[in-house]
Structures are given as structure tokens and as C-alpha cells.
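Here the structure comes first, spelled out in C-alpha cells, and everything after it is commentary.
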Amino acid sequence: MNPQNPQDPNLPQSPQASQNPQTPPAATVPPVARFARARHGAGHRRGLALESTGLRRSLLAAALVAAFGAGAVLHGGSELIEQAHAEAPAVTPAPARIVTPDFGALVERYGPAVVNIQVEGTVRTAAQQPQIQIDPNDPLYDFLRRFGLPGLRGRGGPAPDVVRGEGSGFIVRADGVILTNTHVVDGAEHVTVRLTDRREFKARVLGKDDQSDIAVLKIDASDLPTVRIGDPARSRVGDWVLAIGSPFGFENSVSAGIVSAKARTLPDDNYVPFLQTDVAVNPGNSGGPLFNADGEVIGVNSQIYSRTGGYQGISFAIPIDVAMKVEQQIVAHGKVTRGRLGVAIQDVSAPLAAAFGLKTPHGALVSSVEPGSAGEAAGLEAGDVIVALDGQTIERSADLPPRIADSKPGSHVELTVIRKGEEKTLKATVGEFRAAAREAGDEAAPGQGRLGLALRPLSPQEKRGNDLDSGLLVQQASGPAARAGVAPGDVVLAINGEPVNTVAQLKERLAHAGKQIALLIQRGEARIFVPVDLG
């Protein structure tokens, strides 16, 4: 390699560059590159002078060392000649060049598989708007109808309002199977799919899945362009991604960004480990594909976090493996079935880990078990920490619902739990998820004296009303419990997994507790563990 023309051997070089190492004419170099090359040239000439000076000094040092013996040190002026065997200073390698994907080639290749979806439905507003009874034969009727007077009706009663919307989708099978979001086509009476070549097709909704927000459409066509399905598990935070869709009706719009985070859990979406990106996604992008740099679809754009209704730098996509499982079930069976344990879970925070005797915060903390559920049959109890499912580690509570959902109802799974500091193995027969049933996490917990709570036992009526056998009603909250979020009206059920039926029993549990405890409380119909720092 020519030291006067350093090249990165890992970067591709043009034939002209390999044959002629001289700097190309400035007119062919972009402004930034010209500036960088000019500085490089000046530094190179200056480097030659320094290099020759350094050579002379090295020869002098070698001669002096030879005269005075190895390890000799001479002082002369401000210079210091050290040991002859001292190592040369390490050369810092040049930073790797950041290369962006060829987005243009990606869009050209897979853009035709992205479609625009237009929906139409009707909504009757008779109960919301005043009605004006006018005979259709009256000359004023056409005039008022033309200018859209609300509530106008003739002899036939109130006419329904037509509601229109649009979104995006993409073709996954050449015979016309299309994926989009459930919320794009929900309530639609007519669905029209428009391709990039301007062809339009009436679409049938083969099925919808509210839990994943994935819908499957079918159009009567063949030999259609399709996308290539990727593996979202291989994507990394920081990887380039690209979205194609119809934001605000602007069809086939392209935006790019990076993966910001993985496995995000959003409120009411316990079965989807979302991909978070900073790709510009707006209304109309819903249902469109999220591509990686290799041109593979790794997600379905679904939601944004916004205080304005538009893009604010945070968008979420459903991992494509989740979407394809839904597509396969809907195409094959017309519906989606999921497994279910019937337990409410929450994350294990550092204070909760300390309270339950865990070395590190991990696993899914069971805050309640539904009577008659698969979890109850397996022997799960409130206060158990599920740390593994079939030998696979559960790091966060969000890891458990998707894995259980993927299990076939009636199949058997093995749960590894930590109960009162001891590891146990439980076997469960997976139940079936019903749309009315939900698997989630819940709310907070208390104590007295050290806790700062005024408590009383529940009355028989309160027990029946809350379907409880025991518990202590919080009348006033202050101190550590109040700071932890415990409020009047909460019902304290247990401390560190030990049930409490009386105030005296609660005091006894507190006397043997450490500085951090976990209170199980019921708030409304929800149960959660609340970590309380007693100080």
C-alpha cells in the first residue's frame, strides 16, 4: 500500500482509483469531499517533514543508547530520550465509513407490492342531530341537500352519513392476499385496493384480529408483486428501516429512519412486542410495511405516539412474524386461536425483587390468578415470579403473553417459578383465549404504623361486593404507603405474598419484614403488587 495515498482496503475502489492514485479534479468532488481532500493534502506534506525529522532523531537516539547501554536516559534541553526498546505509539484506526442503504433500489423493487386501501361505511346520526322534515318534491329540498344541511331528511327517514377513510397494506401472496391493520378496515362496508399501476380491486375481508390489530384482505387477481418476509428477531437497535404508505392520502410515500427499540409493550396490547422506530409515520401509513435495509418486511406500521395527532418522532410497528401467524390462521381457518393462562402479571422492579428475595429484577410477577383458569389448575399463586417457560428465560412480564398466546390451546407447558425464595416447576395445560377475557397487570398495596395507613377489616357486604374472602380497607394513606401510590379505597390483601386478614396480622408481618416490602392490593377489579420502601 502506498503510504502517501492511504486507502481503506475494506471499502470498494473504482478501477480509476486503483490505477491512478492521484486526487481527481476538484470539479468532480462534492464540496465537503473537496474540503476534506484539501486538508488531507496539506497534512500529508507536513507529515513528510515530520517523518524525516523523526528519523534523524531516532538515529541519534540509537547511537546514544549504543554508547551508554540499554536503558540509558539522557536529558538534553527539553527533550527526553527513553529506553531503546520502548514501543512506538499506537496508530488510531480511521473510523468506519457510514454507508446508507440503496433506498431507491429497494423502493423500485418492492414498492409495487405496497397498496393503498380506501374504505367506506355508513353511520346513522339521527340521535345526534336535529332532523328537518322536508318533502323531496319541495323546491327547497334539492337546494338544501346540495349545500349539505345537517339533519335533512325526506319521507324515507334520516339518511345515513357516509364515512370514508384510507390506509395502507402490502401483498404477501401473488394470488391477492394482503395484510393491513384491523383499525383500517374496521366497520367498513366497502373496501377498495389500489395498486401502484392504478388498477383498482374490490377487496373482501377474510378476517380480522383485534388483539394484534392485523386484518387479511383478498382481491381477485393473480401474478401480483409480493414483498419478501424477513426476521425481526435479527434486527438490531440502530438498524436502518424504511416505510412505504399513504400518509394523509399521499400514496406511495417513502420515509426512512432507524429501529429505536424492540419488544415495546403498549397499553392494552399485551400480545404484541412492538418495534419502535423514528420513521415518519402519519395517519394513512397504518397497515403499510416496514422494510429493513435488505428489502425484507420486518413489521407492519400500526401506531404513533403523538400529542398532536401527527408524527412526533415515535412510531410503532407490529413484528412481521406476529402478523404472519395471524395471516396463516385466518387463511386456513378464518379465525385466530390463542393460548391463555388466566393470570394477571406485572414487571419485577428492583424494590419488588428485593422484597421477594430475587438477586436481580427479572421475570413476570403474578398479581392475581383467575378462578377456574389454567393458571389456577397449574397451582400458580399471587406472588409467584415466573422466570422461565419451557426452559426459555422470561426477562420481563411482556415476554410471557406472546409465548403463551403462541401455544395451542390444550397443549402442555412447563413453568419455572420463584415462590418465597424457592424455585418450583409447575406444569400447565394451556387454556383458550376468549375475546371477552383479558390477561394484564394491575395496581397497588399497603400496611400500618410503619406504612402510614389507617385500615379496617372488610364488612361482609364489602367482601361479597368485591368477591373477597378477606382483606383490609384503606381509610387513610400517608407516609411510605402513600408515596408508593396506595390510596383510600384500596384493599390490602397480602404482604410479600403472605395474606393478611386482620390489622394485628398485618402488624406481625411488618415486624418481620425488611426495609422493602411488596403489598398486594385490590383497586376496583384489578390487583397489583406495589413496592413500598419503609426506610
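Residue numbering restarts at 1 in every chain; chains get A, B, ... in the order shown in the C-alpha cells, and ligands count up from 1 in that same order.
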- From the DSSP assignment of the backbone, select every residue of stretch 243-468 of chain A that is helix (DSSP H, G or I), and format the answer as a VMD selection string. chain A and resid 247 to 249 320 to 333 350 to 355 374 to 378 397 to 406 460 to 466
- Query: What lies within 8 Å of A:Val177 using only C-alpha atoms, ignoring chain neighbours under 6 positions off, as a ChimeraX atom specification?
  - Reply: /A:171,216-219
- Message: For a quick check of understanding, using only C-alpha atoms, which of A:Leu458, A:Leu400, A:Val172, A:Ile244 has the smallest distance to A:Asn116?
- Response: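 Closest to A:Asn116 of all the choices is A:Ile244.
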- Item | Pairwise distance for atom CA of A:Ser368 and atom CA of A:Ala382, rounded to one decimal in Å | 5.0 Å
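In this comparison, which uses only C-alpha atoms, the residue of A:Leu493, A:Gly391, A:Val385, A:Ser260 approaching A:Leu506 most closely is A:Leu493.
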- Task: Determine, counting only C-alpha atoms, which protein, DNA and RNA residues have an atom within 12 Å of an atom of stretch 310-316 of chain A; residues of the same chain fewer than 3 positions away are not included. Present the result as a ChimeraX atom specification.
- Result: /A:241,243,247-248,255-266,269,272-290,298-307,319
- Message: Considering only C-alpha atoms, can you say which of A:Gly207, A:Gly410, A:Gly169, A:Gly245 comes closest to A:Gly339?
- Response: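 Among A:Gly207, A:Gly410, A:Gly169, A:Gly245, it is A:Gly410 that comes nearest to A:Gly339.
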- Message: Just want the 9 Å neighbourhood of A:Pro101, counted on only C-alpha atoms, with same-chain residues fewer than 3 positions away dropped. Output as a PyMOL selection string.
- Response: chain A and resi 104-106+240+293-294
Take the selection from the previous step and output its residues with all heavy atoms, as a PDB file, in the first residue's frame.
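Full text of result-v7.pdb as output:
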```
ATOM      1  N   GLY A 104     -33.406   3.787  -2.985  1.00  0.00           N
ATOM      2  CA  GLY A 104     -34.038   3.897  -4.299  1.00  0.00           C
ATOM      3  C   GLY A 104     -34.246   2.541  -4.942  1.00  0.00           C
ATOM      4  O   GLY A 104     -35.326   2.254  -5.489  1.00  0.00           O
ATOM      5  N   ALA A 105     -33.230   1.682  -4.877  1.00  0.00           N
ATOM      6  CA  ALA A 105     -33.358   0.341  -5.450  1.00  0.00           C
ATOM      7  C   ALA A 105     -34.392  -0.480  -4.692  1.00  0.00           C
ATOM      8  O   ALA A 105     -35.149  -1.260  -5.295  1.00  0.00           O
ATOM      9  CB  ALA A 105     -31.998  -0.353  -5.436  1.00  0.00           C
ATOM     10  N   LEU A 106     -34.432  -0.303  -3.375  1.00  0.00           N
ATOM     11  CA  LEU A 106     -35.400  -1.040  -2.561  1.00  0.00           C
ATOM     12  C   LEU A 106     -36.831  -0.671  -2.941  1.00  0.00           C
ATOM     13  O   LEU A 106     -37.692  -1.543  -3.137  1.00  0.00           O
ATOM     14  CB  LEU A 106     -35.140  -0.750  -1.087  1.00  0.00           C
ATOM     15  CG  LEU A 106     -35.869  -1.559  -0.021  1.00  0.00           C
ATOM     16  CD1 LEU A 106     -35.093  -1.501   1.299  1.00  0.00           C
ATOM     17  CD2 LEU A 106     -37.284  -1.055   0.229  1.00  0.00           C
ATOM     18  N   TRP A 240     -31.070   0.542   9.965  1.00  0.00           N
ATOM     19  CA  TRP A 240     -31.899   1.335   9.062  1.00  0.00           C
ATOM     20  C   TRP A 240     -33.213   0.607   8.759  1.00  0.00           C
ATOM     21  O   TRP A 240     -33.239  -0.612   8.601  1.00  0.00           O
ATOM     22  CB  TRP A 240     -31.173   1.586   7.744  1.00  0.00           C
ATOM     23  CG  TRP A 240     -30.078   2.599   7.799  1.00  0.00           C
ATOM     24  CD1 TRP A 240     -28.741   2.369   7.851  1.00  0.00           C
ATOM     25  CD2 TRP A 240     -30.230   4.024   7.790  1.00  0.00           C
ATOM     26  NE1 TRP A 240     -28.031   3.552   7.895  1.00  0.00           N
ATOM     27  CE2 TRP A 240     -28.926   4.593   7.852  1.00  0.00           C
ATOM     28  CE3 TRP A 240     -31.334   4.881   7.738  1.00  0.00           C
ATOM     29  CZ2 TRP A 240     -28.702   5.955   7.862  1.00  0.00           C
ATOM     30  CZ3 TRP A 240     -31.108   6.248   7.757  1.00  0.00           C
ATOM     31  CH2 TRP A 240     -29.814   6.772   7.817  1.00  0.00           C
ATOM     32  N   ALA A 293     -32.906  -2.907   5.688  1.00  0.00           N
ATOM     33  CA  ALA A 293     -32.005  -2.456   4.624  1.00  0.00           C
ATOM     34  C   ALA A 293     -31.822  -3.493   3.529  1.00  0.00           C
ATOM     35  O   ALA A 293     -31.373  -3.159   2.427  1.00  0.00           O
ATOM     36  CB  ALA A 293     -30.640  -2.091   5.224  1.00  0.00           C
ATOM     37  N   ASP A 294     -32.192  -4.752   3.807  1.00  0.00           N
ATOM     38  CA  ASP A 294     -32.084  -5.807   2.802  1.00  0.00           C
ATOM     39  C   ASP A 294     -33.332  -5.935   1.947  1.00  0.00           C
ATOM     40  O   ASP A 294     -33.426  -6.844   1.115  1.00  0.00           O
ATOM     41  CB  ASP A 294     -31.790  -7.146   3.479  1.00  0.00           C
ATOM     42  CG  ASP A 294     -30.439  -7.159   4.170  1.00  0.00           C
ATOM     43  OD1 ASP A 294     -29.503  -6.524   3.628  1.00  0.00           O
ATOM     44  OD2 ASP A 294     -30.312  -7.792   5.235  1.00  0.00           O
TER      45      ASP A 294
END
```
- Message: I'd like the contact shell of A:Val491 - 10 Å cut-off, only C-alpha atoms, skipping same-chain residues fewer than 4 positions apart - returned as a ChimeraX atom specification.
- Response: /A:444-446,455-458,466,468,470-475,486-487,520-524,527
- Using only C-alpha atoms, which of the listed residues (A:Asp223, A:Glu189, A:Glu296, A:Asp533) sits closest to A:Lys202?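 Of the candidates, the smallest distance to A:Lys202 is held by A:Glu189.
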- Which of these residues is nearest to A:Ile517, using only C-alpha atoms: A:Leu352, A:Glu120, A:Asp399, A:Gly383?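 Comparing A:Leu352, A:Glu120, A:Asp399, A:Gly383 against A:Ile517, the winner is A:Leu352.
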